[in-house]
$ cat protein_1.csv   # CSV, C-alpha atoms
chain,number,residue,atom,x,y,z
E,35,MET,CA,0.0,0.0,0.0
E,36,LYS,CA,2.8,2.4,0.9
E,37,GLU,CA,4.1,2.3,-2.7
E,38,LYS,CA,0.8,3.7,-4.0
E,39,LEU,CA,0.9,6.7,-1.7
E,40,PRO,CA,3.0,9.1,-3.9
E,41,ALA,CA,0.8,8.4,-7.0
E,42,TYR,CA,-2.3,9.1,-4.9
E,43,LEU,CA,-0.8,12.2,-3.5
E,44,ASP,CA,0.0,13.4,-7.0
E,45,SER,CA,-3.6,12.9,-8.1
E,46,LEU,CA,-4.8,15.4,-5.5
E,47,THR,CA,-5.0,18.9,-7.0
E,48,SER,CA,-4.2,21.4,-4.3
E,49,PRO,CA,-1.6,21.5,-1.5
E,50,TYR,CA,-4.4,22.0,1.0
E,51,HIS,CA,-6.0,18.6,-0.1
E,52,LYS,CA,-2.6,16.9,0.0
E,53,ARG,CA,-1.9,18.2,3.6
E,54,THR,CA,-5.4,17.2,4.8
E,55,PHE,CA,-5.0,13.7,3.3
E,56,VAL,CA,-1.6,13.2,5.0
E,57,GLU,CA,-2.9,14.4,8.4
E,58,ASP,CA,-6.0,12.1,8.1
E,59,PHE,CA,-4.0,9.2,6.9
E,60,LEU,CA,-1.4,9.4,9.7
E,61,ARG,CA,-4.2,9.5,12.2
E,62,PHE,CA,-5.8,6.5,10.6
E,63,ILE,CA,-2.7,4.4,10.7
E,64,ASP,CA,-1.9,5.4,14.3
E,65,ALA,CA,1.5,6.9,13.7
E,66,PRO,CA,2.5,7.0,17.4
E,67,TRP,CA,1.9,3.2,17.7
E,68,LEU,CA,4.0,2.6,14.5
E,69,ALA,CA,6.7,4.9,15.9
E,70,GLU,CA,7.1,2.6,18.9
E,71,ASN,CA,6.5,-0.8,17.3
E,72,ARG,CA,7.4,-0.5,13.6
E,73,PRO,CA,9.7,2.6,13.3
E,74,HIS,CA,11.2,1.6,10.0
E,75,LEU,CA,7.8,1.1,8.4
E,76,LEU,CA,6.7,4.5,9.6
E,77,GLU,CA,9.8,6.1,8.3
E,78,ASP,CA,9.2,4.6,4.9
E,79,VAL,CA,5.6,5.8,4.9
E,80,LEU,CA,6.6,9.3,5.9
E,81,PHE,CA,9.2,9.4,3.1
E,82,GLN,CA,6.4,8.4,0.6
E,83,LEU,CA,4.3,11.3,1.9
E,84,PHE,CA,7.2,13.8,1.9
E,85,PRO,CA,7.2,16.9,2.0
E,86,TYR,CA,3.7,16.9,3.5
E,87,SER,CA,4.8,14.6,6.3
E,88,TYR,CA,7.7,16.9,7.2
E,89,SER,CA,6.3,18.0,10.7
E,90,VAL,CA,5.7,14.3,11.7
E,91,LEU,CA,9.1,13.2,10.3
E,92,HIS,CA,10.9,15.9,12.3
E,93,GLU,CA,9.1,14.9,15.5
E,94,PHE,CA,9.8,11.2,14.8
E,95,TYR,CA,13.6,11.9,14.5
E,96,ILE,CA,13.7,14.0,17.7
E,97,ILE,CA,11.7,11.4,19.7
E,98,THR,CA,13.8,8.5,18.4
E,99,GLU,CA,17.0,10.6,18.9
E,100,HIS,CA,18.1,10.2,15.3
E,101,TYR,CA,19.9,13.5,15.4
E,102,GLN,CA,21.9,13.1,12.2
E,103,LYS,CA,18.8,12.5,10.2
E,104,TRP,CA,17.1,15.4,11.9
E,105,THR,CA,19.9,17.7,10.7
E,106,GLU,CA,19.7,16.2,7.2
E,107,LEU,CA,15.9,16.7,7.1
E,108,GLN,CA,16.2,20.4,8.2
E,109,LEU,CA,18.9,21.1,5.7
E,110,LEU,CA,17.0,19.5,2.9
E,111,ILE,CA,13.8,21.5,3.7
E,112,GLY,CA,15.8,24.7,4.1
E,113,ALA,CA,14.5,25.5,7.6
E,114,GLU,CA,15.7,28.8,9.1
E,115,LEU,CA,17.6,29.0,12.4
E,116,GLU,CA,14.7,30.9,14.0
E,117,GLU,CA,12.3,28.1,13.1
E,118,LEU,CA,14.7,25.4,14.2
E,119,GLU,CA,15.0,27.1,17.6
E,120,GLN,CA,11.3,26.4,18.1
E,121,MET,CA,11.7,22.9,16.9
E,122,GLY,CA,14.4,21.2,18.9
E,123,LEU,CA,17.7,22.9,18.0
E,124,LYS,CA,18.6,23.3,21.7
E,125,LYS,CA,17.9,19.6,22.4
E,126,LEU,CA,20.2,18.8,19.4
E,127,GLU,CA,23.0,21.0,20.7
E,128,LYS,CA,22.9,19.3,24.0
E,129,ALA,CA,22.6,15.7,22.8
E,130,SER,CA,24.8,15.9,19.7
E,131,PRO,CA,26.5,19.3,19.3
E,132,GLU,CA,28.4,18.3,16.2
E,133,CYS,CA,25.1,17.7,14.3
E,134,ALA,CA,24.2,21.3,15.0
E,135,LEU,CA,27.3,22.7,13.3
E,136,PRO,CA,26.1,22.4,9.6
E,137,LEU,CA,22.8,24.0,10.5
E,138,TYR,CA,24.5,27.0,12.1
E,139,HIS,CA,27.1,27.4,9.3
E,140,TRP,CA,24.5,27.3,6.5
E,141,GLY,CA,22.0,29.5,8.5
E,142,ILE,CA,24.7,32.1,9.1
E,143,SER,CA,25.9,32.0,5.5
E,144,GLU,CA,22.4,32.6,4.2
E,145,LEU,CA,21.7,35.5,6.6
E,146,ILE,CA,24.9,37.3,5.5
E,147,GLU,CA,24.0,36.8,1.9
E,148,ARG,CA,20.8,38.7,2.4
E,149,LYS,CA,22.9,41.8,2.9
E,150,ASN,CA,20.6,43.9,5.2
E,151,ARG,CA,21.1,45.2,8.7
E,152,SER,CA,18.6,43.0,10.5
E,153,SER,CA,20.0,39.8,8.9
E,154,TYR,CA,23.5,40.9,9.9
E,155,GLN,CA,22.3,41.3,13.5
E,156,ARG,CA,20.8,37.8,13.4
E,157,ALA,CA,24.0,36.4,11.9
E,158,VAL,CA,26.0,37.9,14.7
E,159,LYS,CA,23.7,36.4,17.3
E,160,TYR,CA,24.2,32.9,15.7
E,161,LEU,CA,27.9,33.4,15.2
E,162,LYS,CA,28.2,33.8,19.0
E,163,LYS,CA,26.3,30.6,19.5
E,164,LEU,CA,28.5,28.9,17.0
E,165,ARG,CA,31.6,30.1,18.8
E,166,ARG,CA,30.2,28.6,22.1
E,167,LEU,CA,29.5,25.4,20.3
E,168,TYR,CA,33.0,25.0,19.0
E,169,LYS,CA,34.3,25.8,22.5
E,170,LYS,CA,32.0,23.1,24.0
E,171,LEU,CA,33.4,20.6,21.4
E,172,LYS,CA,37.0,21.8,22.3
E,173,ARG,CA,37.6,22.7,18.7
E,174,GLU,CA,38.5,26.4,19.2
E,175,GLN,CA,41.2,26.1,16.4
E,176,ASP,CA,38.5,25.2,13.9
E,177,TRP,CA,36.5,28.2,15.0
E,178,GLU,CA,39.5,30.5,14.6
E,179,ARG,CA,40.1,29.1,11.0
E,180,TYR,CA,36.4,29.6,10.1
E,181,TRP,CA,36.3,33.1,11.7
E,182,ALA,CA,39.4,34.3,10.0
E,183,GLY,CA,38.1,33.0,6.6
E,184,LEU,CA,34.7,34.6,7.1
E,185,GLN,CA,36.2,38.0,8.0
E,186,GLU,CA,38.3,37.9,4.9
E,187,LYS,CA,35.3,36.8,2.7
E,188,THR,CA,33.2,39.6,4.1
E,189,LYS,CA,35.8,42.4,4.3
E,190,ARG,CA,33.8,44.7,2.0
E,191,LEU,CA,30.6,44.3,4.1
E,192,ARG,CA,31.1,47.3,6.4
E,193,ALA,CA,27.7,47.0,8.0
E,194,PHE,CA,28.3,43.4,8.9
E,195,HIS,CA,31.6,44.2,10.4
E,196,GLU,CA,30.0,47.0,12.4
E,197,GLU,CA,27.5,44.5,13.8
E,198,CYS,CA,30.3,42.1,14.6
E,199,ARG,CA,32.0,44.9,16.6
E,200,LYS,CA,28.7,45.8,18.4
E,201,GLY,CA,28.3,42.1,19.2
E,202,LYS,CA,31.9,42.0,20.5
E,203,LEU,CA,32.9,39.4,18.0
E,204,ILE,CA,35.7,41.7,16.9
E,205,ASP,CA,37.5,44.4,18.8
E,206,ALA,CA,36.1,47.9,18.6
Q,173,MET,CA,15.8,3.2,3.7
Q,174,LEU,CA,13.9,4.9,0.9
Q,175,LYS,CA,15.5,7.8,-0.9
Q,176,LEU,CA,13.9,11.2,-1.7
Q,177,LYS,CA,16.2,12.2,-4.6
Q,178,THR,CA,18.8,10.8,-6.9
Q,179,LEU,CA,21.8,13.0,-7.7
Q,180,THR,CA,25.0,12.4,-9.6
Q,181,VAL,CA,28.3,14.0,-8.5
Q,182,HIS,CA,30.7,15.1,-11.3
Q,183,THR,CA,34.3,16.2,-10.9
Q,184,MET,CA,36.3,18.1,-13.5
Q,185,PRO,CA,40.0,19.0,-12.9
Q,186,PHE,CA,40.5,22.8,-13.3
Q,187,GLU,CA,43.5,24.6,-14.7
Q,188,ASP,CA,44.4,26.2,-11.4
Q,189,ASP,CA,44.9,22.8,-9.8
Q,190,ARG,CA,41.5,22.8,-8.2
Q,191,PHE,CA,38.5,20.5,-8.8
Q,192,PHE,CA,35.2,21.7,-10.1
Q,193,VAL,CA,32.4,19.6,-8.5
Q,194,PHE,CA,28.8,19.9,-9.8
Q,195,LEU,CA,25.6,17.8,-9.6
Q,196,THR,CA,23.1,16.5,-12.1
Q,197,SER,CA,19.7,14.8,-11.7
Q,198,ASP,CA,19.2,11.1,-12.6
Q,199,SER,CA,18.1,12.2,-16.0
Q,200,GLY,CA,21.5,14.0,-16.5
Q,201,LYS,CA,20.0,17.5,-16.2
Q,202,ALA,CA,21.6,20.3,-14.2
Q,203,VAL,CA,20.1,20.8,-10.8
Q,204,ASP,CA,20.0,23.9,-8.7
Q,205,TYR,CA,23.5,24.4,-7.3
Q,206,SER,CA,22.1,25.1,-3.9
Q,207,LEU,CA,21.5,21.4,-3.7
Q,208,GLY,CA,25.2,21.2,-3.4
Q,209,LYS,CA,24.9,21.9,0.3
Q,210,GLN,CA,23.5,18.4,0.7
Q,211,LEU,CA,26.7,16.9,-0.7
Q,212,PHE,CA,28.9,18.8,1.8
Q,213,LEU,CA,26.6,18.4,4.7
Q,214,TRP,CA,29.1,16.4,6.8
Q,215,HIS,CA,32.3,17.9,5.2
Q,216,GLN,CA,34.0,19.6,8.1
Q,217,GLU,CA,37.1,20.7,6.1
Q,218,SER,CA,35.0,23.1,4.0
Q,219,PHE,CA,32.8,24.1,7.0
Q,220,PHE,CA,30.0,22.0,5.4
Q,221,GLY,CA,30.4,23.7,2.0
Q,222,THR,CA,30.0,27.2,3.2
Q,223,GLU,CA,33.6,28.0,2.6
Q,224,LEU,CA,33.7,26.9,-1.0
Q,225,GLU,CA,33.7,29.2,-4.0
Q,226,VAL,CA,30.8,28.9,-6.4
Q,227,LYS,CA,31.7,29.0,-10.1
Q,228,GLU,CA,30.1,28.4,-13.5
Q,229,ALA,CA,32.0,26.2,-16.0
Q,230,ASP,CA,30.7,24.6,-19.2
Q,231,GLY,CA,27.2,26.0,-18.4
Q,232,MET,CA,27.1,24.2,-15.0
Q,233,LYS,CA,27.2,26.0,-11.7
Q,234,GLY,CA,29.2,24.1,-9.1
Q,235,PHE,CA,31.8,24.3,-6.3
Q,236,MET,CA,35.6,24.8,-6.5
Q,237,LEU,CA,37.6,22.5,-4.2
Q,238,SER,CA,41.3,22.3,-3.5
Q,239,ALA,CA,42.8,18.8,-3.9
Q,240,TRP,CA,42.8,18.4,-0.1
Q,241,GLN,CA,39.1,19.4,0.1
Q,242,TRP,CA,38.2,17.0,-2.6
Q,243,ILE,CA,40.1,14.1,-0.9
Q,244,SER,CA,38.7,14.9,2.5
Q,245,LEU,CA,35.2,15.0,1.0
Q,246,LEU,CA,35.5,11.6,-0.6
Q,247,LYS,CA,37.4,9.9,2.1
Q,248,ASN,CA,34.6,8.5,4.2
Q,249,ASP,CA,31.7,8.2,1.8
Q,250,ARG,CA,29.3,9.8,4.3
Q,251,PHE,CA,26.8,11.9,2.4
Q,252,HIS,CA,23.2,13.0,2.9
Q,253,SER,CA,21.4,9.7,3.7
Q,254,PHE,CA,18.0,10.8,2.2
Q,255,ILE,CA,19.7,11.0,-1.3
Q,256,GLN,CA,20.7,8.2,-3.6
Q,257,TRP,CA,24.2,9.3,-4.8
Q,258,HIS,CA,25.8,8.3,-8.0
Q,259,PHE,CA,29.3,9.3,-9.1
Q,260,ASP,CA,31.0,9.9,-12.4
Q,261,PRO,CA,34.2,7.9,-13.2
Q,262,LEU,CA,36.6,10.5,-11.9
Q,263,THR,CA,34.7,10.9,-8.6
Q,264,GLN,CA,34.6,7.1,-8.3
Q,265,TYR,CA,38.4,7.0,-8.7
Q,266,GLY,CA,38.5,9.7,-6.0
Q,267,LEU,CA,36.3,7.6,-3.7
Q,268,SER,CA,38.7,4.7,-4.1
Q,269,VAL,CA,42.0,6.5,-3.4
Q,270,ALA,CA,40.8,9.2,-0.9
Q,271,PRO,CA,40.9,7.1,2.3
Q,272,VAL,CA,44.5,5.9,1.8
Q,273,LEU,CA,45.7,9.4,0.6
Q,274,TYR,CA,44.0,11.1,3.5
Q,275,GLU,CA,45.5,8.8,6.1
Q,276,ALA,CA,49.0,9.1,4.6
Q,277,VAL,CA,48.8,12.9,4.6
Q,278,VAL,CA,47.3,13.3,8.1
Q,279,ASN,CA,49.8,10.8,9.6
Q,280,GLY,CA,52.7,12.6,7.9
Q,281,GLU,CA,53.7,9.6,5.9
Q,282,PHE,CA,55.5,11.5,3.1
Q,283,SER,CA,59.1,12.1,2.5
Q,284,PRO,CA,60.6,15.0,0.5
Q,285,VAL,CA,62.7,14.3,-2.5
Q,286,PHE,CA,64.6,17.3,-3.8
Q,287,HIS,CA,65.1,18.2,-7.5
Q,288,GLU,CA,67.1,21.4,-7.7
Q,289,THR,CA,64.7,24.0,-6.5
Q,290,ASP,CA,61.7,21.8,-6.6
Q,291,ILE,CA,60.4,19.5,-3.9
Q,292,TYR,CA,58.6,16.2,-4.6
Q,293,TRP,CA,56.6,14.4,-1.9
Q,294,GLU,CA,57.0,10.6,-2.2
Q,295,PRO,CA,53.7,8.8,-1.5
Q,296,PRO,CA,54.2,5.9,1.0
Q,297,ALA,CA,54.2,2.3,-0.3
Q,298,ALA,CA,50.8,1.7,1.4
Q,299,VAL,CA,49.2,3.9,-1.3
Q,300,TRP,CA,50.4,1.7,-4.1
Q,301,GLU,CA,49.7,-1.5,-2.2
Q,302,GLU,CA,46.1,-0.6,-1.8
Q,303,PHE,CA,45.1,-1.7,-5.3
Q,304,ASN,CA,46.4,-4.1,-8.0
Q,305,PRO,CA,48.4,-2.8,-11.0
Q,306,ASP,CA,45.4,-2.8,-13.3
Q,307,PHE,CA,43.8,-0.1,-11.1
Q,308,TRP,CA,46.8,2.2,-11.4
Q,309,GLU,CA,47.0,1.8,-15.1
Q,310,GLN,CA,43.4,2.7,-15.9
Q,311,ASP,CA,42.7,6.0,-17.6
Q,312,VAL,CA,40.9,8.3,-15.2
Q,313,TRP,CA,40.8,11.6,-17.0
Q,314,LYS,CA,41.6,12.3,-20.7
Q,315,GLY,CA,44.6,9.9,-21.0
Q,316,ILE,CA,45.9,10.4,-17.5
Q,317,SER,CA,46.4,7.2,-15.6
Q,318,ALA,CA,45.3,6.6,-12.1
Q,319,LYS,CA,49.0,6.4,-11.0
Q,320,LYS,CA,49.9,9.7,-12.5
Q,321,MET,CA,46.8,11.4,-11.2
Q,322,THR,CA,47.5,10.0,-7.7
Q,323,ILE,CA,51.1,11.3,-7.7
Q,324,ASP,CA,49.9,14.7,-8.7
Q,325,LEU,CA,47.1,14.7,-6.3
Q,326,PHE,CA,49.4,13.7,-3.4
Q,327,GLN,CA,51.7,16.6,-4.1
Q,328,ARG,CA,48.8,19.1,-3.9
Q,329,CYS,CA,47.3,17.4,-0.9
Q,330,VAL,CA,50.5,17.6,1.1
Q,331,HIS,CA,51.0,21.2,0.0
Q,332,ASP,CA,47.4,22.2,0.9
Q,333,PHE,CA,47.6,20.3,4.2
Q,334,LEU,CA,50.9,21.9,5.2
Q,335,SER,CA,49.7,25.4,4.2
Q,336,HIS,CA,47.1,25.1,7.0
Q,337,SER,CA,49.7,23.9,9.5
Q,338,PRO,CA,51.0,26.4,12.1
Q,339,VAL,CA,54.6,25.3,11.4
Q,340,PHE,CA,54.2,26.0,7.7
Q,341,GLN,CA,52.8,29.5,8.5
Q,342,LYS,CA,55.7,30.3,10.7
Q,343,LEU,CA,58.1,29.2,7.9
Q,344,HIS,CA,56.3,31.6,5.6
Q,345,GLU,CA,56.9,34.4,8.2
Q,346,ILE,CA,60.6,33.4,8.4
Q,347,ALA,CA,60.8,33.4,4.6
Q,348,ASP,CA,59.3,36.9,4.5
Q,349,TYR,CA,61.9,38.0,7.0
Q,350,LEU,CA,64.7,36.5,5.0
Q,351,GLN,CA,63.4,38.0,1.7
Q,352,ASN,CA,62.4,41.4,3.0
Q,353,GLY,CA,64.9,41.7,5.9
Q,354,LYS,CA,62.3,42.7,8.5
Q,355,LEU,CA,59.4,41.6,10.6
Q,356,SER,CA,56.7,43.6,12.2
Q,357,ALA,CA,57.6,44.9,15.7
Q,358,ASP,CA,55.7,42.2,17.5
Q,359,ARG,CA,57.1,39.4,15.5
Q,360,SER,CA,60.7,38.9,16.3
Q,361,PRO,CA,62.3,35.6,15.2
Q,362,ILE,CA,62.3,34.5,18.9
Q,363,LEU,CA,58.6,35.1,19.2
Q,364,LEU,CA,58.1,32.9,16.1
Q,365,GLY,CA,59.2,30.0,18.2
Q,366,ARG,CA,62.4,29.4,16.2
Q,367,ARG,CA,66.1,29.9,16.9
Q,368,PRO,CA,67.4,33.3,16.1
Q,369,LEU,CA,67.8,33.6,12.3
Q,370,SER,CA,71.2,35.1,12.0
Q,371,PRO,CA,72.9,31.8,11.3
Q,372,MET,CA,70.5,31.4,8.3
Q,373,GLY,CA,71.3,34.9,7.0
Q,374,ARG,CA,73.1,33.4,4.1
Q,375,PHE,CA,69.8,32.1,2.8
Q,376,ARG,CA,68.3,35.6,2.5
Q,377,GLY,CA,66.4,36.0,-0.7
Q,378,ARG,CA,66.0,32.2,-1.3
Q,379,SER,CA,62.6,30.9,-2.2
Q,380,CYS,CA,60.2,29.3,0.4
Q,381,SER,CA,60.8,25.8,-1.0
Q,382,VAL,CA,64.4,26.0,0.2
Q,383,LEU,CA,63.2,26.8,3.6
Q,384,TYR,CA,60.8,24.0,3.7
Q,385,ARG,CA,63.6,21.7,2.8
Q,386,LEU,CA,65.8,23.1,5.6
Q,387,ALA,CA,63.2,22.7,8.2
Q,388,SER,CA,62.2,19.1,7.1
Q,389,VAL,CA,58.6,20.0,7.9
Q,390,ARG,CA,56.5,17.4,9.5
Q,391,THR,CA,53.2,18.0,11.2
$ encode --input "protein_1.csv" --output "structure tokens"
Amino acid sequence: MKEKLPAYLDSLTSPYHKRTFVEDFLRFIDAPWLAENRPHLLEDVLFQLFPYSYSVLHEFYIITEHYQKWTELQLLIGAELEELEQMGLKKLEKASPECALPLYHWGISELIERKNRSSYQRAVKYLKKLRRLYKKLKREQDWERYWAGLQEKTKRLRAFHEECRKGKLIDA
Amino acid sequence: MLKLKTLTVHTMPFEDDRFFVFLTSDSGKAVDYSLGKQLFLWHQESFFGTELEVKEADGMKGFMLSAWQWISLLKNDRFHSFIQWHFDPLTQYGLSVAPVLYEAVVNGEFSPVFHETDIYWEPPAAVWEEFNPDFWEQDVWKGISAKKMTIDLFQRCVHDFLSHSPVFQKLHEIADYLQNGKLSADRSPILLGRRPLSPMGRFRGRSCSVLYRLASVRT
């Protein structure tokens, strides 16, 4: 049955109908029971229903402590750091800090690319968190290498450097 | 585990000694280069791909990698697990040799061989013993054999690796001192963690490679 799900999903015309179908279907198959008793089957079903199963898949990986897959899912969907903070980023940092690194690096990179004052301020906030994370992992040298490279890459972005000074990432 | 996407990884050697890596879909069509971040998701050496330069070549948008970044990417075959990955022949060759080359470089298993002003890094025997002779004779890129490609790759990997090492950076500073005759006020030879340089004064003006030789750099 699970193999037929993508074709059925495609036959539904609007995203609203697709979402409604996935919600009803997961209620019908009792996803919490499957998560406990047949986790691989549930994962396969959620993949067949992707991306409409995203919210259930993300909870599934957090509950089952599959942190690498949680990171992979978030990067694939392109979730922003603000959203991830509401969804379990703190838990990830505590349980598996190295899995949080790619999310911070990409999140920061995308914020800097937006080139506006408020995104620079947010980037600085996350850079400070990233620095703490590297410290926690006892990888200060990696942070230094990254930070030196980032400063060089952004040397023409005066507003960004100003925000870095305000955030005490660089000396005033 | 089911896969959500199928992507093929392509590698093209570039004139400046770097590698151009780009992705295509299973039908061979170009995919959005931003999908590249999925390939570098666990690649710490490039800070998960954020450090890489994005370039367009032959109508494809992709990423520029140094030899060391390419080898460190391919060494452990750990990519995004939701994606079914395929690899072009050159990338497949890279996947084969990357673990042994990476280990040799990280463990400092290379010896310098000097040719006048040039330096050649001899790959350890373990590299050649990894595969049978047929493997090394195969053509991996436009008439270049796997053996020749590996020798060249090894030189660049050692150089890239050493250029990030603090010892190598200090040697650069010493070379600057010898070539320009002065250091900034806070960088006296003693602060560089080396013996005073006057005994080496006769090497003033020589190229960096001479200095690397003198110091027999090992990490």
$ residues_around --input "protein_1.csv" --residues "E:Leu107" --least-positions-apart "6" --cutoff "10 Å" --atoms "all atoms listed in the file" --output "PyMOL selection string"
(chain E and resi 88+91-92+95+101+113) or (chain Q and resi 252-254)
$ residues_near_point --input "protein_1.csv" --point "(34.8, 45.1, 13.8)" --cutoff "7 Å" --atoms "all atoms listed in the file" --output "ChimeraX atom specification"
/E:195-196,198-199,204-206
$ atom_distance --input "protein_1.csv" --atom1 "atom CA of E:Phe59" --atom2 "atom CA of E:Glu117"
25.7 Å
$ residues_around --input "protein_1.csv" --residues "E:Ala182" --least-positions-apart "5" --cutoff "12 Å" --atoms "all atoms listed in the file" --output "ChimeraX atom specification"
/E:175-177,187-189,203-204 /Q:223
$ write_last_selection --input "protein_1.csv" --atoms "C-alpha atoms" --output "PDB file, in the frame of the given file"
ATOM      1  CA  GLN E 175      41.200  26.100  16.400  1.00  0.00           C
ATOM      2  CA  ASP E 176      38.500  25.200  13.900  1.00  0.00           C
ATOM      3  CA  TRP E 177      36.500  28.200  15.000  1.00  0.00           C
ATOM      4  CA  LYS E 187      35.300  36.800   2.700  1.00  0.00           C
ATOM      5  CA  THR E 188      33.200  39.600   4.100  1.00  0.00           C
ATOM      6  CA  LYS E 189      35.800  42.400   4.300  1.00  0.00           C
ATOM      7  CA  LEU E 203      32.900  39.400  18.000  1.00  0.00           C
ATOM      8  CA  ILE E 204      35.700  41.700  16.900  1.00  0.00           C
TER       9      ILE E 204
ATOM     10  CA  GLU Q 223      33.600  28.000   2.600  1.00  0.00           C
TER      11      GLU Q 223
END
$ closest_atom_pairs --input "protein_1.csv" --of "chain Q" --to "chain E" --cutoff "8 Å" --atoms "all atoms listed in the file" --output "Markdown table"
| residue | atom | partner | partner_atom | distance |
| --- | --- | --- | --- | --- |
| Q:Met173 | CA | E:Asp78 | CA | 6.9 |
| Q:Leu174 | CA | E:Asp78 | CA | 6.2 |
| Q:Lys175 | CA | E:Phe81 | CA | 7.6 |
| Q:Leu176 | CA | E:Phe81 | CA | 7.0 |
| Q:Gln210 | CA | E:Leu110 | CA | 6.9 |
| Q:Leu213 | CA | E:Pro136 | CA | 6.3 |
| Q:Trp214 | CA | E:Pro136 | CA | 7.3 |
| Q:Phe219 | CA | E:His139 | CA | 7.0 |
| Q:Phe220 | CA | E:Pro136 | CA | 5.7 |
| Q:Thr222 | CA | E:Trp140 | CA | 6.4 |
| Q:Glu223 | CA | E:Gly183 | CA | 7.8 |
| Q:His252 | CA | E:Glu106 | CA | 6.4 |
| Q:Ser253 | CA | E:Lys103 | CA | 7.5 |
| Q:Phe254 | CA | E:Glu106 | CA | 7.6 |
$ write_last_selection --input "protein_1.csv" --atoms "C-alpha atoms" --output "compact mmCIF listing (two decimals), in the coordinates of the input"
# COMPACT_ATOMS: atom_id res chain seq x y z
CA MET Q 173 15.80 3.20 3.70
CA LEU Q 174 13.90 4.90 0.90
CA LYS Q 175 15.50 7.80 -0.90
CA LEU Q 176 13.90 11.20 -1.70
CA GLN Q 210 23.50 18.40 0.70
CA LEU Q 213 26.60 18.40 4.70
CA TRP Q 214 29.10 16.40 6.80
CA PHE Q 219 32.80 24.10 7.00
CA PHE Q 220 30.00 22.00 5.40
CA THR Q 222 30.00 27.20 3.20
CA GLU Q 223 33.60 28.00 2.60
CA HIS Q 252 23.20 13.00 2.90
CA SER Q 253 21.40 9.70 3.70
CA PHE Q 254 18.00 10.80 2.20
$ closest_residue --input "protein_1.csv" --among "E:Ile146, E:Ala193, E:Leu115, E:Leu43" --to "E:Lys163" --atoms "all atoms listed in the file"
E:Leu115
$ residues_around --input "protein_1.csv" --residues "stretch 242-247 of chain Q" --least-positions-apart "5" --cutoff "8 Å" --atoms "all atoms listed in the file" --output "MDAnalysis selection string"
chainID Q and resid 191 212 215 217 237 266:267 269:271 273:274 329
$ residues_around --input "protein_1.csv" --residues "Q:Met184" --least-positions-apart "6" --cutoff "12 Å" --atoms "only C-alpha atoms" --output "ChimeraX atom specification"
/Q:190-195,229-230,232,234-239,242,260-263,266,312-314
$ closest_residue --input "protein_1.csv" --among "E:Tyr138, E:Tyr168, E:Lys125, E:Glu197" --to "E:Arg151" --atoms "all atoms listed in the file"
E:Glu197
$ residues_around --input "protein_1.csv" --residues "Q:Ala202" --least-positions-apart "3" --cutoff "12 Å" --atoms "all atoms listed in the file" --output "tab-separated table (two decimals) with C-alpha atoms, keeping the file's coordinate frame"
chain	number	residue	atom	x	y	z
Q	179	LEU	CA	21.80	13.00	-7.70
Q	180	THR	CA	25.00	12.40	-9.60
Q	181	VAL	CA	28.30	14.00	-8.50
Q	182	HIS	CA	30.70	15.10	-11.30
Q	194	PHE	CA	28.80	19.90	-9.80
Q	195	LEU	CA	25.60	17.80	-9.60
Q	196	THR	CA	23.10	16.50	-12.10
Q	197	SER	CA	19.70	14.80	-11.70
Q	198	ASP	CA	19.20	11.10	-12.60
Q	199	SER	CA	18.10	12.20	-16.00
Q	205	TYR	CA	23.50	24.40	-7.30
Q	206	SER	CA	22.10	25.10	-3.90
Q	207	LEU	CA	21.50	21.40	-3.70
Q	208	GLY	CA	25.20	21.20	-3.40
Q	228	GLU	CA	30.10	28.40	-13.50
Q	230	ASP	CA	30.70	24.60	-19.20
Q	231	GLY	CA	27.20	26.00	-18.40
Q	232	MET	CA	27.10	24.20	-15.00
Q	233	LYS	CA	27.20	26.00	-11.70
Q	234	GLY	CA	29.20	24.10	-9.10
$ closest_residue --input "protein_1.csv" --among "Q:Ala276, Q:Leu224, Q:Leu211, Q:Ala298" --to "Q:Asp249" --atoms "all atoms listed in the file"
Q:Leu211
$ atom_distance --input "protein_1.csv" --atom1 "atom CA of Q:Val226" --atom2 "atom CA of E:Arg148"
16.5 Å
$ atom_distance --input "protein_1.csv" --atom1 "atom CA of E:Val158" --atom2 "atom CA of E:Ala129"
23.9 Å
